[in-house]
4 protein chains.
Amino acid sequence: MIKAKIVGAGGYGGVGITELLLKHPETEIGCLVSLSDTGRKMSDVFPHLRGFCDDVIVAPDDPKTKEAYDVVFFSTPDGVGMQTATEELARGAKVIDYSGDFRFGTVERYAEYANFIGLDPVHKAPALLTETVYGLPELHEIGESQNIVGNPGCFAVSCILGLAPAVAAGIIDPMSIICDCKTGVSGAGKKPNAAFHFPNRYDNMNAYKLAGHQHVVEIEQELGLLGDVDVQITFTAQVVPVCRGIMSCLYASLDGQNAEQLLEIYTDYYKSNEFVRVQDAKTPAANADVRGTNYCNLTVDVDERNNRLRIISHIDNLMKGQAGNALQNMNLMFGLDSGIGLANAGQYP
Amino acid sequence: MIKAKIVGAGGYGGVGITELLLKHPETEIGCLVSLSDTGRKMSDVFPHLRGFCDDVIVAPDDPKTKEAYDVVFFSTPDGVGMQTATEELARGAKVIDYSGDFRFGTVERYAEYANFIGLDPVHKAPALLTETVYGLPELHEIGESQNIVGNPGCFAVSCILGLAPAVAAGIIDPMSIICDCKTGVSGAGKKPNAAFHFPNRYDNMNAYKLAGHQHVVEIEQELGLLGDVDVQITFTAQVVPVCRGIMSCLYASLDGQNAEQLLEIYTDYYKSNEFVRVQDAKTPAANADVRGTNYCNLTVDVDERNNRLRIISHIDNLMKGQAGNALQNMNLMFGLDSGIGLANAGQYP
Amino acid sequence: MIKAKIVGAGGYGGVGITELLLKHPETEIGCLVSLSDTGRKMSDVFPHLRGFCDDVIVAPDDPKTKEAYDVVFFSTPDGVGMQTATEELARGAKVIDYSGDFRFGTVERYAEYANFIGLDPVHKAPALLTETVYGLPELHEIGESQNIVGNPGCFAVSCILGLAPAVAAGIIDPMSIICDCKTGVSGAGKKPNAAFHFPNRYDNMNAYKLAGHQHVVEIEQELGLLGDVDVQITFTAQVVPVCRGIMSCLYASLDGQNAEQLLEIYTDYYKSNEFVRVQDAKTPAANADVRGTNYCNLTVDVDERNNRLRIISHIDNLMKGQAGNALQNMNLMFGLDSGIGLANAGQYP
Amino acid sequence: MIKAKIVGAGGYGGVGITELLLKHPETEIGCLVSLSDTGRKMSDVFPHLRGFCDDVIVAPDDPKTKEAYDVVFFSTPDGVGMQTATEELARGAKVIDYSGDFRFGTVERYAEYANFIGLDPVHKAPALLTETVYGLPELHEIGESQNIVGNPGCFAVSCILGLAPAVAAGIIDPMSIICDCKTGVSGAGKKPNAAFHFPNRYDNMNAYKLAGHQHVVEIEQELGLLGDVDVQITFTAQVVPVCRGIMSCLYASLDGQNAEQLLEIYTDYYKSNEFVRVQDAKTPAANADVRGTNYCNLTVDVDERNNRLRIISHIDNLMKGQAGNALQNMNLMFGLDSGIGLANAGQYP
């Protein structure tokens with residue numbers, strides 16, 4: 001059994017990976033760590049887990065956190081994972097971090113990102129940046145030798161998966177990309193906030209962070225590496241009153257391919273990736289098709305009048321956009337099939 | 001493997017049992033039958049099933065429906081299952097029917113129910129009424145010898161489970177029971193309707209069928225049998241803008257027990273039933289605790305000023321109120337542990 | 001023009017009365033007071049008011065608050081209004097308080113209420129208790145001589161209006177009353193809170209304060225006065241995912257009247273009250289019928305099998321349950337028609 | 001008093017104009033016409049109007065429809081208004097049509113539109129096309145001499161108002177425009193539909209009509225006229241689970257202006273239009289700011305890295321996108337101030 005420690009267990013990212021590990025045939029939950037709910041049972045914080053996970057959440061300085069675990073999930077804000085990741089690795093654990101700490105390959109890239117979001121640009125574990133990988137298994141080979149992974153941002157997953165085949169094929173203008181992204185409210189986390197107070201949110205929608213969203217940095221890094229080009233996107237984050245889900249509409253100037261050709265390029269690109277489902281523009285698509293699952297559904301379309309690519313990308317922000325993708329990484333880092341514990345269709349309605 | 005046929009596959013009850021059977025380790029889906037979506041792939045009707053269940057839905061007169069199956073689920077309106085159940089049993093299948101067809105033990109009781117909802121009061125398979133059982137395993141022993149089951153109504157499950165311990169203990173006045181029940185919209189099924197059109201429903205709530213709801217008949221039957229008394233309830237069905245879930249507030253005049261005593265009676269009554277969770281009135285409870293799961297959560301409370309029992313009963317109407325309970329019955333009818341394929345905590349948020 | 005001061009302008013109760021006063025032909029807003037948003041324009045806090053109310057919100061100790069106003073609305077928690085009401089009255093203002101401060105006619109009743117909710121039981125302005133009135137104009141004569149009013153609680157409005165005709169007629173057992181009440185989330189106010197964080201609330205419902213809700217005290221006081229009897233209710237507060245609205249299902253043992261007789265009693269009782277609409281149980285009723293308006297819609301029904309009264313009472317908790325009713329009181333206190341600025345059908349859908 | 005006839009009274013567009021006319025000081029409702037709810041009181045179809053509009057809805061061939069009215073609102077599908085508009089005008093009425101029938105200035109333009117949506121391309125009242133005007137008063141002078149108006153499509157209003165200043169100033173590339181538009185469900189009308197059945201819609205979002213939306217034709221016509229250029233847009237219609245509201249994100253390649261310059265251009269363009277509110281990208285904006293009102297709020301932004309204009313346009317699709325704009329047109333056609341009966345801030349939350 002793979003014994004897991006979850007740091008940040010009290011948040012949506014923590015409960016998400018807990019739910020998945022409970023159903024995974026080869027894992028067990030060894031330690032739940034959180035600042036906010038210390039001393040409470042996990043099932044008191046999340047009553048749906050009653051009888052499934054009644055473990056007590058411990059503080060970060062609890063001796064139990066120093067025991068040996070096979071994998072550590074950091075479902076924590078930027079800057080937390082980098083403080084103890086080296087130590088975790090030294091104790092023999094593999095590390096999967098949800099924040100931006102290990103998404104960037106160089107200290108310079110990290111500094112750019114950190115500056116962008118107003119954090120200290122000096123990385124606390126620079127040696128690990130050469131060992132980590134951007135944890136999107138559809139783009140990067142992740143295998144048993146991988147000990148540390150930077151799990152991607154939710155918007156980034158939806159945009160990168162939606163644009164990767166076109167960028168890799170060199171058929172779109174990398175300076176023409178527009179990502180118009182709508183997220184459900186769970187993307188903002190569990191902490192109550194005026195913007196997500198039910199009476200303000202139930203019949204509402206808005207754009208936010210127009211001045212710049214932190215996920216832009218990783219989208220441009222990953223697409224740039226893929227196409228070996230400079231990529232500079234226009235990105236608009238929006239919130240709509242759904243709980244789980246991201247729908248990204250992705251636009252770019254296209255080299256002249258028609259819808260059929262584009263569909264072929266996409267289908268081919270993802271042919272061995274079980275969690276990406278490609279469909280044409282005539283097939284209905286909706287957030288409910290991926291809700292609660294690890295799938296990314298891509299509708300591939302061309303506005304032929306304007307010679308413009310249009311991709312509609314649907315994911316569940318808490319699954320393929322977070323905990324589901326993290327488990328997929330874990331499977332690969334332990335030599336398991338990527339879909340173990342994840343090949344689940346979800347529930348409808 | 002238990003090979004299943006699902007009649008009424010195109011509705012919420014059909015897709016619900018399909019999802020469950022796909023995850024159950026000992027079942028396979030043999031045949032999907034529906035009037036409305038004949039000839040379409042199940043995954044075209046329910047796109048979240050793409051790659052999981054791409055079988056084609058067949059018409060009721062398709063030769064495939066006459067093959068041998070181990071179990072047949074009738075997720076169909078009243079009057080459908082009784083037409084072919086005898087035939088299915090003769091072919092060796094076990095039958096689980098979601099409608100009122102097999103919930104009543106005598107032709108008289110059935111006639112009363114049928115009259116109540118304006119149906120022909122003459123039962124088409126009266127011989128089966130002595131073989132069937134009201135399919136609530138917390139109240140009735142259901143074992144391998146059971147070949148036909150009438151799966152209960154969703155409101156009825158929430159009310160009966162909430163009142164059974166008190167009625168069985170003879171501590172409430174059976175003529176004083178009030179069931180104030182709120183359901184999510186999925187309880188009304190998949191067919192679009194002005195009352196459930198999003199703009200009319202999103203910020204709305206209402207009571208309906210004040211003149212009488214069909215589930216009253218079975219609630220009174222089951223509670224009456226349990227307490228060997230006449231039971232006559234006041235029942236108010238209401239719809240609120242949630243998708244899945246029933247919250248029933250149950251009231252009755254109490255013999256003088258305090259909250260602690262009542263809690264003990266309830267805890268004891270359900271001590272060997274894994275899908276009923278009893279809690280006191282100080283412990284928070286909410287629909288989200290059971291959403292997507294087969295659990296019934298009961299908050300046990302006494303208004304001591306008024307000597308009145310108050311129970312808050314939460315279920316997911318499509319799970320413990322329908323497909324989940326049906327699978328629980330199936331497990332028992334095949335000699336399996338009742339929780340196989342069902343012991344799932346759900347997803348939050 | 002009636003010049004108004006609003007204390008607590010930054011909350012839902014404050015913005016509600018602001019919206020109404022802006023449309024009222026005989027009022028003007030003189031002063032907006034709030035602890036939380038001091039120094040900001042009202043239209044920065046509530047952007048829908050841009051161009052309609054760009055006044056700056058002042059602190060409670062701002063000199064502007066000491067100027068002369070014709071009416072002062074206290075949209076504030078318990079204990080605030082009683083501190084300065086005497087002073088406001090001395091300056092010639094009429095006072096309308098949303099809290100429990102002036103709902104009770106004696107210091108003893110107030111102490112009972114205050115103890116119930118854990119406040120200091122000693123009233124700070126006891127002399128005013130003989131001058132105030134429970135501000136439900138359907139029950140109490142409110143005229144120009146009235147200078148201070150305790151605006152009722154939202155649940156209380158829905159329950160009292162629903163039960164008053166039956167209690168007054170002496171046809172129900174006052175010890176048998178059950179109030180099963182569902183509120184929209186706006187009833188909990190503007191302050192963010194885990195229970196009302198969108199991801200936790202959107203598909204959820206729950207009962208709360210089972211140990212006792214503060215509105216019980218005023219419901220029992222008012223019904224008791226009306227029937228000259230002791231009234232002791234069972235009350236269950238519940239939250240459902242709507243923004244505005246209360247639906248209360250009210251039950252009591254009835255003296256034998258049938259539905260027709262009961263309807264006549266109710267219709268007659270409210271014949272001169274423009275904001276109460278009585279309907280029979282066959283006429284559809286829903287929260288949307290009163291959303292955004294000052295109406296209370298009552299469905300009058302009898303469970304004749306059980307000889308039990310059942311009333312479904314719908315109000316908008318922020319209108320008839322709060323600011324709308326406050327304006328109705330203001331109209332009457334200034335000798336205006338009660339419906340000025342309020343006779344509005346709302347918007348659908 | 002301006003006496004109005006409403007054709008299509010039973011739909012959202014019909015009830016919307018009814019609500020507005022009831023509050024307008026200079027109008028009265030003379031006749032309500034509908035195919036679907038003939039013989040029923042308006043307040044039985046829309047219970048919130050009880051006591052406000054209890055008129056009986058008549059059939060299109062009812063003699064009452066032939067009486068003289070000052071204004072006729074056609075809240076009807078394409079092809080209805082053109083059949084009787086000539087006759088209405090001859091009887092002395094002014095005509096405001098919600099469909100595409102009178103939005104286009106030439107038979108050719110109309111034929112293009114009609115072909116696009118699969119209708120007969122031959123206009124039934126071609127003589128009126130020289131008399132009608134595209135009913136967006138911010139772009140077209142509408143005065144007392146105007147007798148017929150084609151009220152614009154809801155998406156079109158949000159896009160045209162958002163792009164007009166930039167197109168008129170000639171500072172964007174007209175072939176680079178992308179309109180990414182999210183609408184609430186009420187935009188699809190009152191008729192129930194699987195896509196808008198609550199259980200399918202409550203936690204869902206999707207793009208639709210990717211092959212082409214009919215509003216594209218009028219957007220391109222209006223922007224083309226304004227800039228005297230050919231305009232060819234990429235348009236993506238999406239539905240999110242709100243009831244009322246459109247949020248359009250509008251993108252185009254910009255000539256080099258910065259955010260401050262762009263803001264000045266927009267502010268200046270709309271300086272005498274009371275229903276357009278322009279704001280910078282630092283000021284929060286949301287659908288709730290315009291919900292229930294006739295306002296269009298425009299957030300003006302520049303992605304300076306990419307030299308790209310980005311406008312976020314918010315309207316209420318049933319108000320500025322439909323009935324509110326229609327009333328604004330009516331006011332102008334009768335020589336009244338454009339804001340009479342419309343200068344309303346809405347309700348929050």
# chains A, B, ... in the order shown; residues from 1 in each chain; ligands from 1

$ select_by_dssp --residues "stretch 121-309 of chain D" --states "helix (DSSP H, G or I)" --output "PyMOL selection string"
chain D and resi 126-130+154-168+185-188+194-196+198-201+215-227+259-269+287-289

$ interface_residues --of "chain A" --to "chain C" --cutoff "7 Å" --atoms "only C-alpha atoms" --output "list of chain:residue names"
A:Val185, A:Ser186, A:Pro192, A:Asn193, A:Ala194, A:Phe196, A:His197, A:Phe198, A:Pro199, A:Arg201, A:Cys243

$ residues_around --residues "B:Ile233" --least-positions-apart "5" --cutoff "10 Å" --atoms "only C-alpha atoms" --output "PyMOL selection string"
(chain B and resi 174-179+216-217+219-220+251-252) or (chain C and resi 303+305-306)

$ residues_around --residues "stretch 87-102 of chain D" --least-positions-apart "5" --cutoff "6 Å" --atoms "only C-alpha atoms" --output "list of chain:residue names"
D:Tyr69, D:Asp70, D:Val71, D:Val72, D:Phe73, D:Phe74, D:Ser75, D:Pro77, D:Asp78, D:Asn147, D:Ile148, D:Val149, D:Gly150, D:Asn151

$ closest_residue --among "A:Met205, A:Val45, A:Leu262, A:Leu318" --to "A:Phe155" --atoms "only C-alpha atoms"
A:Leu318

$ atom_distance --atom1 "atom CA of D:Ala288" --atom2 "atom CA of D:Tyr348"
7.5 Å

$ atom_distance --atom1 "atom CA of B:Tyr113" --atom2 "atom CA of B:Arg308"
29.7 Å

$ residues_around --residues "C:Glu274" --least-positions-apart "5" --cutoff "10 Å" --atoms "only C-alpha atoms" --output "list of chain:residue names"
C:Glu138, C:Asn294, C:Tyr295, C:Cys296, C:Ser338, C:Gly339, C:Ala343, D:Gly51

$ write_last_selection --atoms "all heavy atoms" --output "JSON list (two decimals), in the first residue's frame"
[["chain", "number", "residue", "atom", "x", "y", "z"],
["C", 138, "GLU", "N", -51.12, 44.54, 9.95],
["C", 138, "GLU", "CA", -52.30, 43.70, 9.79],
["C", 138, "GLU", "C", -52.88, 43.32, 11.15],
["C", 138, "GLU", "O", -54.06, 42.92, 11.24],
["C", 138, "GLU", "CB", -51.95, 42.44, 8.99],
["C", 138, "GLU", "CG", -51.71, 42.69, 7.50],
["C", 138, "GLU", "CD", -50.33, 43.26, 7.19],
["C", 138, "GLU", "OE1", -49.49, 43.32, 8.12],
["C", 138, "GLU", "OE2", -50.09, 43.66, 6.05],
["C", 294, "ASN", "N", -43.93, 43.21, -1.44],
["C", 294, "ASN", "CA", -44.34, 43.30, -0.04],
["C", 294, "ASN", "C", -45.53, 42.39, 0.30],
["C", 294, "ASN", "O", -46.10, 42.49, 1.36],
["C", 294, "ASN", "CB", -44.70, 44.76, 0.29],
["C", 294, "ASN", "CG", -44.69, 45.04, 1.77],
["C", 294, "ASN", "OD1", -43.74, 44.66, 2.45],
["C", 294, "ASN", "ND2", -45.75, 45.67, 2.28],
["C", 295, "TYR", "N", -45.86, 41.49, -0.61],
["C", 295, "TYR", "CA", -47.04, 40.65, -0.39],
["C", 295, "TYR", "C", -46.75, 39.43, 0.48],
["C", 295, "TYR", "O", -45.65, 38.88, 0.45],
["C", 295, "TYR", "CB", -47.64, 40.19, -1.73],
["C", 295, "TYR", "CG", -48.22, 41.37, -2.45],
["C", 295, "TYR", "CD1", -47.42, 42.12, -3.31],
["C", 295, "TYR", "CD2", -49.52, 41.79, -2.21],
["C", 295, "TYR", "CE1", -47.92, 43.26, -3.93],
["C", 295, "TYR", "CE2", -50.03, 42.92, -2.82],
["C", 295, "TYR", "CZ", -49.23, 43.65, -3.68],
["C", 295, "TYR", "OH", -49.72, 44.78, -4.27],
["C", 296, "CYS", "N", -47.78, 39.01, 1.18],
["C", 296, "CYS", "CA", -47.79, 37.70, 1.83],
["C", 296, "CYS", "C", -48.91, 36.92, 1.16],
["C", 296, "CYS", "O", -50.08, 37.33, 1.22],
["C", 296, "CYS", "CB", -48.07, 37.85, 3.32],
["C", 296, "CYS", "SG", -48.28, 36.26, 4.17],
["C", 338, "SER", "N", -50.96, 53.10, 3.16],
["C", 338, "SER", "CA", -49.93, 52.12, 3.53],
["C", 338, "SER", "C", -49.15, 51.59, 2.32],
["C", 338, "SER", "O", -48.03, 51.15, 2.46],
["C", 338, "SER", "CB", -50.55, 50.96, 4.31],
["C", 338, "SER", "OG", -51.24, 50.09, 3.43],
["C", 339, "GLY", "N", -49.75, 51.67, 1.14],
["C", 339, "GLY", "CA", -49.10, 51.06, -0.01],
["C", 339, "GLY", "C", -48.22, 51.98, -0.84],
["C", 339, "GLY", "O", -47.64, 51.52, -1.85],
["C", 343, "ALA", "N", -46.69, 49.21, -3.76],
["C", 343, "ALA", "CA", -47.66, 48.44, -4.53],
["C", 343, "ALA", "C", -47.05, 48.05, -5.87],
["C", 343, "ALA", "O", -47.36, 48.60, -6.92],
["C", 343, "ALA", "CB", -48.94, 49.25, -4.71],
["D", 51, "GLY", "N", -53.95, 41.19, -9.13],
["D", 51, "GLY", "CA", -54.31, 42.51, -8.63],
["D", 51, "GLY", "C", -53.71, 43.64, -9.43],
["D", 51, "GLY", "O", -54.10, 44.79, -9.29]]

$ residues_around --residues "stretch 263-265 of chain C" --least-positions-apart "6" --cutoff "12 Å" --atoms "only C-alpha atoms" --output "PyMOL selection string"
chain C and resi 162-171+257+271+277-282+298-302+309-311

$ atom_distance --atom1 "atom CA of A:Val58" --atom2 "atom CA of A:Leu22"
18.5 Å

$ residues_around --residues "C:Gly118" --least-positions-apart "2" --cutoff "12 Å" --atoms "only C-alpha atoms" --output "short mmCIF file (atom, residue, chain, number, x, y, z; two decimals) with all heavy atoms, in the first residue's frame"
data_model
loop_
_atom_site.label_atom_id
_atom_site.label_comp_id
_atom_site.auth_asym_id
_atom_site.auth_seq_id
_atom_site.Cartn_x
_atom_site.Cartn_y
_atom_site.Cartn_z
N ASP C 78 -29.75 43.42 17.48
CA ASP C 78 -30.35 43.66 18.79
C ASP C 78 -29.41 44.49 19.65
O ASP C 78 -28.20 44.28 19.66
CB ASP C 78 -30.59 42.30 19.50
CG ASP C 78 -31.72 41.51 18.87
OD1 ASP C 78 -32.87 41.90 19.06
OD2 ASP C 78 -31.43 40.52 18.16
N GLY C 79 -29.98 45.42 20.38
CA GLY C 79 -29.21 46.18 21.35
C GLY C 79 -28.69 47.52 20.86
O GLY C 79 -28.23 48.34 21.64
N TYR C 110 -39.25 41.29 27.16
CA TYR C 110 -37.96 41.56 26.53
C TYR C 110 -36.87 40.70 27.17
O TYR C 110 -36.02 40.13 26.48
CB TYR C 110 -37.57 43.04 26.60
CG TYR C 110 -36.20 43.21 25.96
CD1 TYR C 110 -36.06 43.19 24.58
CD2 TYR C 110 -35.05 43.29 26.75
CE1 TYR C 110 -34.82 43.26 23.99
CE2 TYR C 110 -33.79 43.36 26.16
CZ TYR C 110 -33.68 43.33 24.78
OH TYR C 110 -32.45 43.37 24.19
N ALA C 111 -36.89 40.62 28.48
CA ALA C 111 -35.87 39.84 29.19
C ALA C 111 -35.91 38.37 28.75
O ALA C 111 -34.88 37.73 28.54
CB ALA C 111 -36.06 39.95 30.70
N GLU C 112 -37.11 37.86 28.58
CA GLU C 112 -37.27 36.47 28.13
C GLU C 112 -36.59 36.28 26.76
O GLU C 112 -35.82 35.35 26.54
CB GLU C 112 -38.76 36.14 28.05
CG GLU C 112 -39.07 34.71 27.68
CD GLU C 112 -40.56 34.49 27.38
OE1 GLU C 112 -41.40 35.30 27.87
OE2 GLU C 112 -40.88 33.55 26.63
N TYR C 113 -36.89 37.22 25.89
CA TYR C 113 -36.30 37.19 24.55
C TYR C 113 -34.78 37.32 24.62
O TYR C 113 -34.04 36.56 23.98
CB TYR C 113 -36.91 38.32 23.72
CG TYR C 113 -36.22 38.61 22.41
CD1 TYR C 113 -36.43 37.79 21.29
CD2 TYR C 113 -35.37 39.71 22.27
CE1 TYR C 113 -35.80 38.07 20.09
CE2 TYR C 113 -34.75 39.99 21.07
CZ TYR C 113 -34.95 39.17 19.98
OH TYR C 113 -34.33 39.44 18.78
N ALA C 114 -34.32 38.29 25.39
CA ALA C 114 -32.88 38.55 25.47
C ALA C 114 -32.15 37.34 26.05
O ALA C 114 -31.08 36.95 25.56
CB ALA C 114 -32.62 39.81 26.30
N ASN C 115 -32.72 36.75 27.07
CA ASN C 115 -32.12 35.55 27.63
C ASN C 115 -32.04 34.45 26.58
O ASN C 115 -31.04 33.74 26.47
CB ASN C 115 -32.94 35.04 28.82
CG ASN C 115 -32.62 35.83 30.09
OD1 ASN C 115 -31.48 36.24 30.31
ND2 ASN C 115 -33.64 36.06 30.92
N PHE C 116 -33.10 34.35 25.82
CA PHE C 116 -33.19 33.31 24.80
C PHE C 116 -32.02 33.39 23.82
O PHE C 116 -31.49 32.37 23.38
CB PHE C 116 -34.51 33.49 24.07
CG PHE C 116 -34.89 32.31 23.25
CD1 PHE C 116 -35.61 31.27 23.83
CD2 PHE C 116 -34.54 32.21 21.92
CE1 PHE C 116 -35.95 30.16 23.08
CE2 PHE C 116 -34.88 31.12 21.17
CZ PHE C 116 -35.58 30.08 21.76
N ASP C 120 -27.87 40.64 27.23
CA ASP C 120 -28.19 41.26 28.51
C ASP C 120 -29.71 41.45 28.60
O ASP C 120 -30.30 42.12 27.75
CB ASP C 120 -27.47 42.62 28.56
CG ASP C 120 -27.80 43.40 29.83
OD1 ASP C 120 -28.59 42.90 30.67
OD2 ASP C 120 -27.27 44.51 29.97
N PRO C 121 -30.34 40.89 29.63
CA PRO C 121 -31.82 40.97 29.69
C PRO C 121 -32.35 42.34 30.14
O PRO C 121 -33.56 42.54 30.12
CB PRO C 121 -32.18 39.89 30.71
CG PRO C 121 -30.96 39.70 31.54
CD PRO C 121 -29.78 40.05 30.70
N VAL C 122 -31.45 43.23 30.53
CA VAL C 122 -31.93 44.54 31.00
C VAL C 122 -32.09 45.49 29.81
O VAL C 122 -31.11 45.82 29.12
CB VAL C 122 -30.96 45.14 32.03
CG1 VAL C 122 -31.50 46.50 32.52
CG2 VAL C 122 -30.75 44.18 33.19
N GLY C 212 -33.83 26.16 19.41
CA GLY C 212 -34.73 27.28 19.63
C GLY C 212 -34.35 28.49 18.81
O GLY C 212 -33.20 28.91 18.81
N HIS C 213 -35.32 29.06 18.10
CA HIS C 213 -35.07 30.23 17.25
C HIS C 213 -35.71 31.44 17.94
O HIS C 213 -36.82 31.36 18.45
CB HIS C 213 -35.68 29.99 15.86
CG HIS C 213 -35.26 31.01 14.86
ND1 HIS C 213 -35.76 32.28 14.84
CD2 HIS C 213 -34.37 30.94 13.84
CE1 HIS C 213 -35.20 32.96 13.85
NE2 HIS C 213 -34.35 32.15 13.23
N GLN C 214 -35.01 32.56 17.89
CA GLN C 214 -35.47 33.74 18.64
C GLN C 214 -36.84 34.24 18.19
O GLN C 214 -37.56 34.87 18.97
CB GLN C 214 -34.41 34.85 18.56
CG GLN C 214 -34.19 35.46 17.18
CD GLN C 214 -33.20 34.68 16.31
OE1 GLN C 214 -32.89 33.51 16.56
NE2 GLN C 214 -32.73 35.32 15.26
#

$ select_by_dssp --residues "stretch 133-200 of chain B" --states "strand (DSSP E)" --output "list in words"
Ile148, Val149, Gly150, Ile178, Cys179, Asp180, Cys181, Lys182 and Thr183 of chain B

$ closest_residue --among "D:Glu67, D:Glu26, D:Glu108, D:Asp55" --to "D:Asn331" --atoms "only C-alpha atoms"
D:Glu26
